[in-house]
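Trainee: Below is a structure I'd like to ask you about.
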Amino acid sequence: MEQYNCTYEIAEATNHFFEREVYNFLRKWVDNNGDRTFFQFDQSLDVYLTNEALRDFFMTTEHPVQSLLSDRSIAEHLGRGSRLVYFDPLSGDPLLAQTEQRIYNLARRMDSELMHVPFRSIHPNKQTDTGDPLSITSYPKDSEEIRYNSGNHFSSRPANSNVFDEHSKRCTAKSGGNLHVFVKYGFLEDRLADVMQVTAELKSEGETNFQFFVIYSRHSPTEGHFGVSLVVMDPLCPDFPKRVLVCDTLLKELPMHPRWWNHFVAEYSNVFGDAIAGVIEDLSHPLQKVNIKGDDPYRHDWNCPYYAASMADALAEIVKNSSELILNGSLAQIHTAMKSIMSDYYEADCQIKDRVVIQQINKLKRWDSGSELVKELIAEASRKSSYGL
């Protein structure tokens with residue numbers, strides 16, 4: 001995780017340079033398409049390039065974002081890491097160049113979801129025709145909080161998919177031997193069915209070693225919250241787990257069960273039967289306590305996927321390095337071992353970090369999640385350019 005050290009002045013200067021690069025890009029585009037009828041307008045070329053050209057570029061270009069990313073300077077700015085971004089200390093919003101905000105907004109409104117860069121755009125209903133954010137004063141009366149609390153600000157379904165895909169690549173890379181890391185679309189019950197199937201297959205192959213399954217998933221259609229499970233299976237007894245540890249982030253202190261507990265147990269019961277309720281152990285971490293009522297714009301649904309990925313990584317590391325602890329250790333011992341690995345959220349003495357620090361960490365993670373997608377789009381644009389597509 002990059003450290004946050006960008007000043008307002010540095011960000012302003014960087015954004016000003018970016019504005020000029022996009023202006024020059026659009027000037028070349030106009031020069032190469034001057035015969036098009038929509039360029040007949042009653043304003044100077046400078047005013048057109050400053051205000052409306054980007055919208056028209058999006059409207060007339062098959063893959064406008066990838067086309068913009070073919071310009072090295074534009075690509076470097078859009079794909080920059082969080083250390084080069086200034087975040088407003090009150091709202092948490094990144095300081096974007098006006099044209100940069102327009103790119104993200106127009107991509108969300110006009111282009112395919114594959115071009116949508118998460119955590120950068122305003123909901124289409126809150127944009128002007130040219131892609132600028134509408135003034136909050138234009139919102140319905142008494143709705144000032146919509147900008148943050150409705151989940152529309154820098155949030156969307158592609159954002160969830162982007163973060164999930166990012167975590168899937170990283171977490172599943174830890175799989176190997178008798179460690180299986182499941183990060184797939186769907187819900188917990190789907191993944192538990194996978195556990196049963198894999199264990200049965202291993203039994204038929206003569207496997208006798210314990211198998212460890214780390215599951216990162218939403219709980220259920222009823223309770224769509226992200227959580228993590230660690231299921232230990234014995235291939236010689238493939239129908240019922242040897243141990244089940246579940247991790248969420250809604251607990252204030254162990255061993256209180258969170259409000260989703262009954263939904264969670266039901267998913268396990270649907271696969272392993274009602275007796276599983278007596279086996280499930282709660283290994284949750286109280287990370288949700290950093291979000292208190294009235295926080296703007298720190299929303300738990302934004303932060304939860306990052307908490308879950310950190311817990312999944314920690315459990316996978318413990319399985320790889322100390323599987324005996326998972327088999328026979330106490331909840332307290334495993335909980336402490338996880339804290340020592342989850343350095344984003346815990347201090348070296350295993351005390352949870354200050355809530356403001358955790359909010360900052362998650363804010364940077366959100367930005368870098370979007371940057372990872374930009375880098376993938378840059379690579380795709382480069383491939384298409386190489387093949388002349």
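Chains: A, B, ... in order of the structure tokens. Residues: from 1 per chain. Ligands: from 1, in order shown.
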Would you return as an NGL selection string the members of region 178-308 of chain A that DSSP assigns to alpha helix (DSSP H) on this structure's backbone?

Mentor: :A and (188-204 or 261-272 or 300-308)

Trainee: Using only C-alpha atoms, which residues sit within 12 Å of region 338-346 of chain A once same-chain residues fewer than 2 positions away are excluded, as a compact mmCIF listing (two decimals) with all heavy atoms, in the first residue's frame?

Mentor:
```
# COMPACT_ATOMS: atom_id res chain seq x y z
N MET A 1 0.84 -1.19 0.00
CA MET A 1 0.00 0.00 0.00
C MET A 1 0.88 1.24 0.00
O MET A 1 1.71 1.42 0.87
CB MET A 1 -0.91 0.00 1.24
CG MET A 1 -1.79 1.23 1.37
SD MET A 1 -2.86 1.48 -0.07
CE MET A 1 -3.73 -0.06 -0.11
N GLU A 2 0.67 2.10 -1.01
CA GLU A 2 1.47 3.31 -1.10
C GLU A 2 1.09 4.27 0.02
O GLU A 2 -0.06 4.36 0.44
CB GLU A 2 1.25 3.98 -2.46
CG GLU A 2 1.73 3.14 -3.62
CD GLU A 2 1.39 3.78 -4.95
OE1 GLU A 2 0.25 4.21 -5.11
OE2 GLU A 2 2.26 3.85 -5.81
N GLN A 3 2.07 5.00 0.50
CA GLN A 3 1.81 5.95 1.56
C GLN A 3 1.23 7.23 0.99
O GLN A 3 1.55 7.67 -0.11
CB GLN A 3 3.10 6.24 2.33
CG GLN A 3 3.64 5.03 3.06
CD GLN A 3 2.65 4.48 4.07
OE1 GLN A 3 2.15 5.20 4.92
NE2 GLN A 3 2.36 3.21 3.96
N CYS A 247 -15.43 -15.71 9.70
CA CYS A 247 -14.92 -14.37 10.00
C CYS A 247 -15.82 -13.32 9.36
O CYS A 247 -16.09 -13.36 8.17
CB CYS A 247 -13.52 -14.18 9.44
SG CYS A 247 -12.28 -15.27 10.14
N THR A 249 -16.96 -8.83 10.14
CA THR A 249 -16.37 -7.61 10.67
C THR A 249 -17.35 -6.80 11.52
O THR A 249 -17.08 -5.66 11.85
CB THR A 249 -15.89 -6.71 9.51
OG1 THR A 249 -17.01 -6.36 8.70
CG2 THR A 249 -14.83 -7.40 8.68
N LEU A 283 -14.84 -16.35 14.47
CA LEU A 283 -13.48 -15.81 14.52
C LEU A 283 -13.45 -14.37 13.98
O LEU A 283 -12.46 -13.89 13.45
CB LEU A 283 -12.56 -16.70 13.68
CG LEU A 283 -11.04 -16.51 13.77
CD1 LEU A 283 -10.53 -16.76 15.17
CD2 LEU A 283 -10.34 -17.43 12.77
N SER A 284 -14.56 -13.66 14.13
CA SER A 284 -14.70 -12.34 13.51
C SER A 284 -13.78 -11.29 14.10
O SER A 284 -13.29 -11.42 15.23
CB SER A 284 -16.15 -11.86 13.63
OG SER A 284 -17.02 -12.72 12.92
N HIS A 285 -13.57 -10.24 13.31
CA HIS A 285 -12.73 -9.12 13.72
C HIS A 285 -13.58 -7.85 13.78
O HIS A 285 -14.38 -7.60 12.88
CB HIS A 285 -11.58 -8.92 12.72
CG HIS A 285 -10.56 -10.00 12.79
ND1 HIS A 285 -9.34 -9.86 13.40
CD2 HIS A 285 -10.58 -11.29 12.34
CE1 HIS A 285 -8.65 -10.97 13.33
NE2 HIS A 285 -9.39 -11.86 12.68
N PRO A 286 -13.41 -7.04 14.81
CA PRO A 286 -14.30 -5.88 15.03
C PRO A 286 -13.94 -4.66 14.17
O PRO A 286 -13.88 -3.54 14.66
CB PRO A 286 -14.11 -5.59 16.52
CG PRO A 286 -12.69 -5.98 16.78
CD PRO A 286 -12.44 -7.19 15.91
N LEU A 287 -13.71 -4.89 12.88
CA LEU A 287 -13.30 -3.78 12.03
C LEU A 287 -14.44 -2.83 11.72
O LEU A 287 -14.21 -1.66 11.39
CB LEU A 287 -12.71 -4.33 10.72
CG LEU A 287 -11.42 -5.13 10.92
CD1 LEU A 287 -11.05 -5.85 9.63
CD2 LEU A 287 -10.28 -4.24 11.37
N GLN A 288 -15.67 -3.29 11.81
CA GLN A 288 -16.81 -2.43 11.54
C GLN A 288 -16.90 -1.29 12.55
O GLN A 288 -17.53 -0.28 12.29
CB GLN A 288 -18.11 -3.26 11.53
CG GLN A 288 -19.40 -2.46 11.54
CD GLN A 288 -19.60 -1.61 10.30
OE1 GLN A 288 -18.67 -1.41 9.52
NE2 GLN A 288 -20.78 -1.08 10.11
N LYS A 289 -16.27 -1.43 13.69
CA LYS A 289 -16.39 -0.38 14.70
C LYS A 289 -15.77 0.94 14.24
O LYS A 289 -16.00 1.97 14.86
CB LYS A 289 -15.74 -0.83 16.01
CG LYS A 289 -14.22 -0.72 16.05
CD LYS A 289 -13.70 -1.02 17.44
CE LYS A 289 -12.20 -0.74 17.55
NZ LYS A 289 -11.70 -0.94 18.92
N VAL A 290 -14.98 0.91 13.16
CA VAL A 290 -14.42 2.17 12.68
C VAL A 290 -15.48 2.99 11.95
O VAL A 290 -15.26 4.16 11.67
CB VAL A 290 -13.21 1.96 11.75
CG1 VAL A 290 -12.16 1.11 12.42
CG2 VAL A 290 -13.63 1.36 10.42
N ASN A 303 -15.99 -0.69 2.35
CA ASN A 303 -14.82 -1.18 3.06
C ASN A 303 -14.82 -2.68 3.26
O ASN A 303 -13.76 -3.31 3.31
CB ASN A 303 -14.73 -0.51 4.43
CG ASN A 303 -14.54 1.00 4.34
OD1 ASN A 303 -13.96 1.49 3.39
ND2 ASN A 303 -15.04 1.72 5.31
N TYR A 306 -12.53 -5.18 1.36
CA TYR A 306 -11.11 -5.09 1.71
C TYR A 306 -10.84 -5.78 3.04
O TYR A 306 -9.82 -6.45 3.21
CB TYR A 306 -10.67 -3.63 1.75
CG TYR A 306 -10.82 -2.95 0.42
CD1 TYR A 306 -11.84 -2.04 0.19
CD2 TYR A 306 -9.96 -3.24 -0.64
CE1 TYR A 306 -12.00 -1.43 -1.05
CE2 TYR A 306 -10.11 -2.64 -1.88
CZ TYR A 306 -11.13 -1.74 -2.08
OH TYR A 306 -11.30 -1.14 -3.31
N TYR A 307 -11.75 -5.61 3.99
CA TYR A 307 -11.61 -6.33 5.26
C TYR A 307 -11.60 -7.85 5.01
O TYR A 307 -10.78 -8.58 5.56
CB TYR A 307 -12.78 -6.01 6.20
CG TYR A 307 -12.88 -4.58 6.65
CD1 TYR A 307 -14.13 -4.00 6.88
CD2 TYR A 307 -11.76 -3.80 6.88
CE1 TYR A 307 -14.25 -2.69 7.33
CE2 TYR A 307 -11.87 -2.49 7.32
CZ TYR A 307 -13.11 -1.94 7.54
OH TYR A 307 -13.22 -0.65 7.98
N ALA A 308 -12.57 -8.29 4.19
CA ALA A 308 -12.69 -9.73 3.93
C ALA A 308 -11.45 -10.28 3.25
O ALA A 308 -10.97 -11.37 3.58
CB ALA A 308 -13.94 -10.01 3.09
N ALA A 309 -10.90 -9.53 2.29
CA ALA A 309 -9.69 -9.98 1.60
C ALA A 309 -8.52 -10.09 2.57
O ALA A 309 -7.72 -11.03 2.49
CB ALA A 309 -9.34 -9.03 0.46
N SER A 310 -8.42 -9.15 3.50
CA SER A 310 -7.34 -9.20 4.49
C SER A 310 -7.48 -10.43 5.38
O SER A 310 -6.48 -11.10 5.69
CB SER A 310 -7.37 -7.92 5.34
OG SER A 310 -6.31 -7.90 6.26
N MET A 311 -8.70 -10.75 5.79
CA MET A 311 -8.92 -11.94 6.62
C MET A 311 -8.64 -13.22 5.85
O MET A 311 -8.05 -14.16 6.39
CB MET A 311 -10.36 -11.93 7.16
CG MET A 311 -10.64 -10.78 8.13
SD MET A 311 -12.27 -10.86 8.93
CE MET A 311 -13.37 -10.67 7.52
N ALA A 312 -9.05 -13.26 4.59
CA ALA A 312 -8.79 -14.44 3.77
C ALA A 312 -7.28 -14.64 3.57
O ALA A 312 -6.77 -15.77 3.67
CB ALA A 312 -9.48 -14.30 2.41
N ASP A 313 -6.56 -13.56 3.31
CA ASP A 313 -5.11 -13.65 3.16
C ASP A 313 -4.47 -14.18 4.44
O ASP A 313 -3.56 -15.02 4.40
CB ASP A 313 -4.53 -12.27 2.84
CG ASP A 313 -4.75 -11.87 1.39
OD1 ASP A 313 -4.96 -12.77 0.55
OD2 ASP A 313 -4.70 -10.66 1.10
N ALA A 314 -4.93 -13.67 5.59
CA ALA A 314 -4.34 -14.09 6.86
C ALA A 314 -4.58 -15.57 7.12
O ALA A 314 -3.65 -16.30 7.52
CB ALA A 314 -4.93 -13.25 8.00
N LEU A 315 -5.79 -16.03 6.89
CA LEU A 315 -6.08 -17.45 7.13
C LEU A 315 -5.27 -18.34 6.18
O LEU A 315 -4.77 -19.40 6.58
CB LEU A 315 -7.58 -17.71 6.96
CG LEU A 315 -8.46 -17.19 8.10
CD1 LEU A 315 -9.93 -17.35 7.75
CD2 LEU A 315 -8.15 -17.91 9.41
N ALA A 316 -5.16 -17.91 4.93
CA ALA A 316 -4.38 -18.69 3.97
C ALA A 316 -2.92 -18.78 4.40
O ALA A 316 -2.29 -19.84 4.31
CB ALA A 316 -4.49 -18.09 2.57
N GLU A 317 -2.37 -17.67 4.90
CA GLU A 317 -0.98 -17.67 5.36
C GLU A 317 -0.79 -18.60 6.55
O GLU A 317 0.21 -19.31 6.66
CB GLU A 317 -0.56 -16.25 5.72
CG GLU A 317 -0.29 -15.34 4.54
CD GLU A 317 0.86 -15.86 3.68
OE1 GLU A 317 1.88 -16.29 4.24
OE2 GLU A 317 0.71 -15.84 2.44
N ILE A 318 -1.75 -18.60 7.47
CA ILE A 318 -1.64 -19.47 8.65
C ILE A 318 -1.70 -20.93 8.22
O ILE A 318 -0.95 -21.78 8.73
CB ILE A 318 -2.74 -19.15 9.67
CG1 ILE A 318 -2.55 -17.74 10.21
CG2 ILE A 318 -2.71 -20.15 10.83
CD1 ILE A 318 -3.68 -17.25 11.09
N VAL A 319 -2.58 -21.26 7.29
CA VAL A 319 -2.66 -22.64 6.80
C VAL A 319 -1.33 -23.06 6.19
O VAL A 319 -0.81 -24.16 6.44
CB VAL A 319 -3.79 -22.79 5.76
CG1 VAL A 319 -3.71 -24.16 5.08
CG2 VAL A 319 -5.15 -22.63 6.43
N ASN A 321 1.69 -21.86 6.74
CA ASN A 321 2.84 -21.82 7.64
C ASN A 321 2.63 -22.52 8.97
O ASN A 321 3.62 -22.86 9.64
CB ASN A 321 3.24 -20.36 7.90
CG ASN A 321 3.64 -19.64 6.63
OD1 ASN A 321 4.32 -20.20 5.79
ND2 ASN A 321 3.19 -18.41 6.48
N SER A 322 1.38 -22.74 9.37
CA SER A 322 1.12 -23.33 10.68
C SER A 322 -0.24 -24.01 10.69
O SER A 322 -1.13 -23.64 11.47
CB SER A 322 1.19 -22.26 11.77
OG SER A 322 1.04 -22.82 13.05
N LEU A 325 -1.93 -25.09 13.94
CA LEU A 325 -2.66 -24.10 14.72
C LEU A 325 -4.13 -24.10 14.32
O LEU A 325 -5.02 -23.97 15.18
CB LEU A 325 -2.05 -22.71 14.49
CG LEU A 325 -2.72 -21.54 15.22
CD1 LEU A 325 -2.65 -21.74 16.73
CD2 LEU A 325 -2.08 -20.22 14.81
N ILE A 326 -4.40 -24.22 13.02
CA ILE A 326 -5.79 -24.26 12.55
C ILE A 326 -6.49 -25.52 13.06
O ILE A 326 -7.66 -25.49 13.44
CB ILE A 326 -5.85 -24.21 11.02
CG1 ILE A 326 -5.26 -22.89 10.50
CG2 ILE A 326 -7.27 -24.40 10.52
CD1 ILE A 326 -6.01 -21.65 10.92
N LEU A 331 -9.45 -20.44 19.55
CA LEU A 331 -9.88 -19.27 18.80
C LEU A 331 -9.00 -18.07 19.09
O LEU A 331 -8.62 -17.32 18.18
CB LEU A 331 -11.34 -18.93 19.14
CG LEU A 331 -12.44 -19.69 18.40
CD1 LEU A 331 -13.80 -19.24 18.90
CD2 LEU A 331 -12.34 -19.47 16.89
N ALA A 332 -8.66 -17.88 20.37
CA ALA A 332 -7.84 -16.73 20.75
C ALA A 332 -6.47 -16.79 20.08
O ALA A 332 -5.95 -15.77 19.62
CB ALA A 332 -7.69 -16.68 22.27
N GLN A 333 -5.88 -17.97 20.01
CA GLN A 333 -4.56 -18.12 19.39
C GLN A 333 -4.62 -17.82 17.89
O GLN A 333 -3.75 -17.13 17.34
CB GLN A 333 -4.03 -19.54 19.63
CG GLN A 333 -3.65 -19.82 21.06
CD GLN A 333 -3.31 -21.28 21.28
OE1 GLN A 333 -3.92 -22.18 20.68
NE2 GLN A 333 -2.33 -21.54 22.14
N ILE A 334 -5.64 -18.33 17.23
CA ILE A 334 -5.78 -18.09 15.79
C ILE A 334 -6.09 -16.63 15.53
O ILE A 334 -5.55 -16.01 14.59
CB ILE A 334 -6.88 -19.01 15.20
CG1 ILE A 334 -6.51 -20.47 15.40
CG2 ILE A 334 -7.09 -18.70 13.72
CD1 ILE A 334 -7.61 -21.44 15.02
N HIS A 335 -6.94 -16.04 16.38
CA HIS A 335 -7.30 -14.64 16.24
C HIS A 335 -6.06 -13.76 16.33
O HIS A 335 -5.85 -12.84 15.52
CB HIS A 335 -8.31 -14.27 17.34
CG HIS A 335 -9.20 -13.13 16.98
ND1 HIS A 335 -9.08 -11.88 17.57
CD2 HIS A 335 -10.23 -13.03 16.09
CE1 HIS A 335 -10.01 -11.07 17.08
NE2 HIS A 335 -10.71 -11.74 16.18
N THR A 336 -5.20 -14.04 17.30
CA THR A 336 -3.96 -13.27 17.46
C THR A 336 -3.03 -13.46 16.28
O THR A 336 -2.40 -12.50 15.80
CB THR A 336 -3.25 -13.69 18.76
OG1 THR A 336 -4.11 -13.41 19.88
CG2 THR A 336 -1.95 -12.93 18.94
N ALA A 348 1.57 -3.42 15.45
CA ALA A 348 2.50 -4.52 15.73
C ALA A 348 2.17 -5.23 17.03
O ALA A 348 2.46 -6.42 17.19
CB ALA A 348 3.93 -3.99 15.77
N ASP A 349 1.53 -4.50 17.98
CA ASP A 349 1.15 -5.13 19.26
C ASP A 349 -0.24 -5.76 19.19
O ASP A 349 -0.81 -6.11 20.21
CB ASP A 349 1.20 -4.10 20.39
CG ASP A 349 0.22 -2.93 20.16
OD1 ASP A 349 -0.48 -2.93 19.11
OD2 ASP A 349 0.16 -2.03 21.02
N CYS A 350 -0.77 -5.91 17.96
CA CYS A 350 -2.07 -6.55 17.69
C CYS A 350 -3.26 -5.72 18.15
O CYS A 350 -4.39 -6.24 18.22
CB CYS A 350 -2.14 -7.95 18.31
SG CYS A 350 -1.01 -9.13 17.51
N GLN A 351 -3.05 -4.45 18.47
CA GLN A 351 -4.17 -3.56 18.77
C GLN A 351 -4.70 -2.99 17.45
O GLN A 351 -3.94 -2.69 16.54
CB GLN A 351 -3.73 -2.43 19.69
CG GLN A 351 -3.30 -2.89 21.08
CD GLN A 351 -4.44 -3.57 21.83
OE1 GLN A 351 -5.54 -3.03 21.95
NE2 GLN A 351 -4.17 -4.78 22.32
N ILE A 352 -6.02 -2.86 17.38
CA ILE A 352 -6.61 -2.34 16.15
C ILE A 352 -6.16 -0.90 15.93
O ILE A 352 -6.00 -0.12 16.87
CB ILE A 352 -8.15 -2.43 16.20
CG1 ILE A 352 -8.75 -2.22 14.81
CG2 ILE A 352 -8.74 -1.45 17.21
CD1 ILE A 352 -10.21 -2.58 14.73
N LYS A 353 -5.90 -0.54 14.68
CA LYS A 353 -5.45 0.81 14.36
C LYS A 353 -6.57 1.82 14.59
O LYS A 353 -7.75 1.48 14.63
CB LYS A 353 -4.96 0.87 12.91
CG LYS A 353 -3.65 0.13 12.67
CD LYS A 353 -3.12 0.34 11.27
CE LYS A 353 -1.76 -0.32 11.09
NZ LYS A 353 -1.20 -0.11 9.74
N ASP A 354 -6.18 3.07 14.70
CA ASP A 354 -7.14 4.15 14.88
C ASP A 354 -8.11 4.17 13.70
O ASP A 354 -7.72 3.95 12.55
CB ASP A 354 -6.39 5.48 14.97
CG ASP A 354 -7.32 6.64 15.22
OD1 ASP A 354 -7.70 6.87 16.38
OD2 ASP A 354 -7.68 7.32 14.21
N ARG A 355 -9.36 4.46 13.99
CA ARG A 355 -10.39 4.42 12.94
C ARG A 355 -10.08 5.36 11.79
O ARG A 355 -10.35 5.05 10.62
CB ARG A 355 -11.76 4.72 13.53
CG ARG A 355 -11.91 6.11 14.14
CD ARG A 355 -13.24 6.26 14.86
NE ARG A 355 -14.35 6.11 13.95
CZ ARG A 355 -14.90 7.13 13.27
NH1 ARG A 355 -14.39 8.34 13.39
NH2 ARG A 355 -15.91 6.94 12.48
N VAL A 356 -9.50 6.53 12.06
CA VAL A 356 -9.16 7.46 10.98
C VAL A 356 -8.08 6.87 10.09
O VAL A 356 -8.11 7.03 8.86
CB VAL A 356 -8.69 8.81 11.58
CG1 VAL A 356 -8.22 9.74 10.47
CG2 VAL A 356 -9.82 9.46 12.37
N VAL A 357 -7.14 6.15 10.68
CA VAL A 357 -6.08 5.50 9.90
C VAL A 357 -6.68 4.42 9.00
O VAL A 357 -6.32 4.29 7.82
CB VAL A 357 -5.01 4.91 10.83
CG1 VAL A 357 -3.99 4.11 10.03
CG2 VAL A 357 -4.33 6.01 11.63
N ILE A 358 -7.60 3.63 9.55
CA ILE A 358 -8.23 2.56 8.77
C ILE A 358 -9.05 3.15 7.63
O ILE A 358 -9.03 2.64 6.49
CB ILE A 358 -9.10 1.67 9.66
CG1 ILE A 358 -8.20 0.86 10.60
CG2 ILE A 358 -9.97 0.73 8.82
CD1 ILE A 358 -8.95 -0.06 11.55
N GLN A 359 -9.77 4.23 7.88
CA GLN A 359 -10.52 4.89 6.82
C GLN A 359 -9.59 5.35 5.70
O GLN A 359 -9.91 5.20 4.51
CB GLN A 359 -11.29 6.09 7.40
CG GLN A 359 -12.46 5.68 8.28
CD GLN A 359 -13.02 6.86 9.07
OE1 GLN A 359 -12.38 7.90 9.19
NE2 GLN A 359 -14.20 6.68 9.63
N GLN A 360 -8.46 5.88 6.09
CA GLN A 360 -7.48 6.35 5.10
C GLN A 360 -6.93 5.17 4.28
O GLN A 360 -6.81 5.25 3.06
CB GLN A 360 -6.34 7.08 5.80
CG GLN A 360 -5.21 7.52 4.90
CD GLN A 360 -5.61 8.63 3.95
OE1 GLN A 360 -6.68 9.22 4.08
NE2 GLN A 360 -4.77 8.90 2.98
N ILE A 361 -6.62 4.08 4.96
CA ILE A 361 -6.10 2.89 4.28
C ILE A 361 -7.10 2.38 3.25
O ILE A 361 -6.76 2.07 2.10
CB ILE A 361 -5.75 1.80 5.31
CG1 ILE A 361 -4.48 2.19 6.08
CG2 ILE A 361 -5.58 0.44 4.63
CD1 ILE A 361 -4.19 1.32 7.26
N ASN A 362 -8.37 2.30 3.64
CA ASN A 362 -9.39 1.80 2.72
C ASN A 362 -9.62 2.77 1.57
O ASN A 362 -9.91 2.35 0.44
CB ASN A 362 -10.70 1.56 3.48
CG ASN A 362 -10.63 0.33 4.36
OD1 ASN A 362 -9.83 -0.57 4.13
ND2 ASN A 362 -11.45 0.28 5.38
N LEU A 364 -7.34 4.64 0.16
CA LEU A 364 -6.26 4.41 -0.79
C LEU A 364 -6.46 3.09 -1.54
O LEU A 364 -6.15 2.99 -2.74
CB LEU A 364 -4.92 4.40 -0.07
CG LEU A 364 -4.55 5.67 0.72
CD1 LEU A 364 -3.12 5.58 1.23
CD2 LEU A 364 -4.75 6.92 -0.11
N LYS A 365 -6.97 2.10 -0.86
CA LYS A 365 -7.23 0.82 -1.52
C LYS A 365 -8.28 0.99 -2.60
O LYS A 365 -8.18 0.38 -3.68
CB LYS A 365 -7.69 -0.23 -0.49
CG LYS A 365 -6.57 -0.76 0.39
CD LYS A 365 -7.09 -1.87 1.28
CE LYS A 365 -5.96 -2.50 2.10
NZ LYS A 365 -6.43 -3.63 2.92
```

Trainee: Which one of A:Cys171, A:Ala337, A:Leu78, A:Ile276 sits closest to Val65 (chain A) if you count only C-alpha atoms?

Mentor: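 The shortest atom-to-atom distance to Val65 (chain A) comes from A:Leu78.
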
Trainee: Do you have the CA of Leu26 (chain A)-CA of Leu49 (chain A) distance handy?

Mentor: 6.7 Å

Trainee: Applying 7 Å and only C-alpha atoms, which residues near Gly227 (chain A) remain after dropping the ones on its own chain fewer than 3 positions away? List them as a list in words.

Mentor: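 That gives Tyr216, Ser217, Arg218, His219, Cys247, Asp248 and Ala308 of chain A.
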
Trainee: Pick out the residues sitting within 12 Å of Thr130 (chain A), and hand them over as a short mmCIF file (atom, residue, chain, number, x, y, z; two decimals) with N, CA and C atoms, in the first residue's frame; count only C-alpha atoms, and ignore anything fewer than 4 positions along from it in its own chain.

Mentor:
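The file below, out-v1.cif, is the result:
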```cif
data_model
loop_
_atom_site.label_atom_id
_atom_site.label_comp_id
_atom_site.auth_asym_id
_atom_site.auth_seq_id
_atom_site.Cartn_x
_atom_site.Cartn_y
_atom_site.Cartn_z
N TYR A 48 -14.78 25.26 -27.74
CA TYR A 48 -15.30 23.92 -28.03
C TYR A 48 -14.42 22.84 -27.42
N LEU A 49 -13.11 22.96 -27.62
CA LEU A 49 -12.18 21.96 -27.08
C LEU A 49 -12.23 21.92 -25.55
N THR A 50 -12.44 23.06 -24.93
CA THR A 50 -12.46 23.14 -23.48
C THR A 50 -13.74 22.57 -22.89
N ASN A 51 -14.87 22.74 -23.57
CA ASN A 51 -16.15 22.42 -22.95
C ASN A 51 -16.88 21.21 -23.53
N GLU A 52 -16.87 21.01 -24.84
CA GLU A 52 -17.77 20.03 -25.44
C GLU A 52 -17.09 18.93 -26.26
N ALA A 53 -15.84 19.12 -26.59
CA ALA A 53 -15.18 18.17 -27.50
C ALA A 53 -15.10 16.77 -26.90
N LEU A 54 -14.83 16.69 -25.61
CA LEU A 54 -14.69 15.36 -25.00
C LEU A 54 -15.98 14.56 -25.09
N ARG A 55 -17.11 15.24 -24.87
CA ARG A 55 -18.40 14.55 -25.01
C ARG A 55 -18.59 14.03 -26.42
N ASP A 56 -18.30 14.85 -27.42
CA ASP A 56 -18.46 14.42 -28.81
C ASP A 56 -17.49 13.30 -29.16
N PHE A 57 -16.30 13.36 -28.58
CA PHE A 57 -15.33 12.29 -28.80
C PHE A 57 -15.89 10.97 -28.29
N PHE A 58 -16.50 10.98 -27.12
CA PHE A 58 -17.10 9.76 -26.57
C PHE A 58 -18.27 9.28 -27.43
N MET A 59 -19.03 10.22 -27.96
CA MET A 59 -20.21 9.85 -28.74
C MET A 59 -19.87 9.26 -30.09
N GLN A 98 -10.80 18.66 -13.96
CA GLN A 98 -12.17 18.71 -14.48
C GLN A 98 -12.34 17.73 -15.65
N THR A 99 -11.37 17.71 -16.55
CA THR A 99 -11.46 16.81 -17.70
C THR A 99 -11.37 15.35 -17.26
N GLN A 101 -12.50 14.12 -14.40
CA GLN A 101 -13.83 13.78 -13.90
C GLN A 101 -14.80 13.54 -15.05
N ARG A 102 -14.69 14.36 -16.08
CA ARG A 102 -15.56 14.17 -17.24
C ARG A 102 -15.33 12.81 -17.91
N ILE A 103 -14.07 12.41 -18.02
CA ILE A 103 -13.77 11.11 -18.64
C ILE A 103 -14.46 9.99 -17.87
N TYR A 104 -14.31 9.99 -16.55
CA TYR A 104 -14.93 8.94 -15.74
C TYR A 104 -16.45 8.98 -15.84
N ASN A 105 -17.01 10.19 -15.81
CA ASN A 105 -18.47 10.31 -15.87
C ASN A 105 -19.02 9.90 -17.22
N LEU A 106 -18.38 10.36 -18.30
CA LEU A 106 -18.86 9.99 -19.64
C LEU A 106 -18.69 8.51 -19.90
N ALA A 107 -17.60 7.93 -19.39
CA ALA A 107 -17.40 6.49 -19.56
C ALA A 107 -18.52 5.72 -18.88
N ARG A 109 -21.54 6.84 -18.32
CA ARG A 109 -22.83 7.12 -18.92
C ARG A 109 -22.96 6.59 -20.34
N MET A 110 -21.85 6.58 -21.09
CA MET A 110 -21.95 6.29 -22.52
C MET A 110 -21.29 5.00 -22.96
N PRO A 124 -25.02 8.74 -13.35
CA PRO A 124 -25.43 9.46 -14.57
C PRO A 124 -26.51 10.51 -14.35
N LYS A 126 -26.68 12.50 -12.05
CA LYS A 126 -26.10 13.64 -11.34
C LYS A 126 -24.97 14.27 -12.15
N LEU A 134 -23.28 17.59 -11.40
CA LEU A 134 -24.29 18.61 -11.13
C LEU A 134 -24.06 19.18 -9.74
#
```

Trainee: Choose the residue, out of A:Val271, A:Ala200, A:Leu179, A:Pro133, that has the smallest atom-to-atom separation from Val232 (chain A); count only C-alpha atoms.

Mentor: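 The closest residue to Val232 (chain A) is A:Leu179.
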
Trainee: Please report the interatomic distance between CA of Trp261 (chain A) and CA of Asp190 (chain A) in Å with one decimal.

Mentor: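 About the pair CA of Trp261 (chain A) and CA of Asp190 (chain A): they are 17.8 Å apart.
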
Trainee: Please indicate the distance in Å from CA of Thr208 (chain A) to CA of Asp234 (chain A), rounded to one decimal place.

Mentor: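 Rounded to one decimal, the two atoms are 7.1 Å apart.
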
Trainee: Considering only C-alpha atoms, state which residue in the set A:Val183, A:Pro235, A:Val244, A:Glu223 is at the smallest distance from Trp260 (chain A).

Mentor: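 Ranked by minimum distance to Trp260 (chain A), first place goes to A:Glu223.
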
Trainee: Which one is closest to Phe187 (chain A): A:Gly206, A:Pro221, A:Phe164, A:Val117? Count only C-alpha atoms.

Mentor: A:Pro221
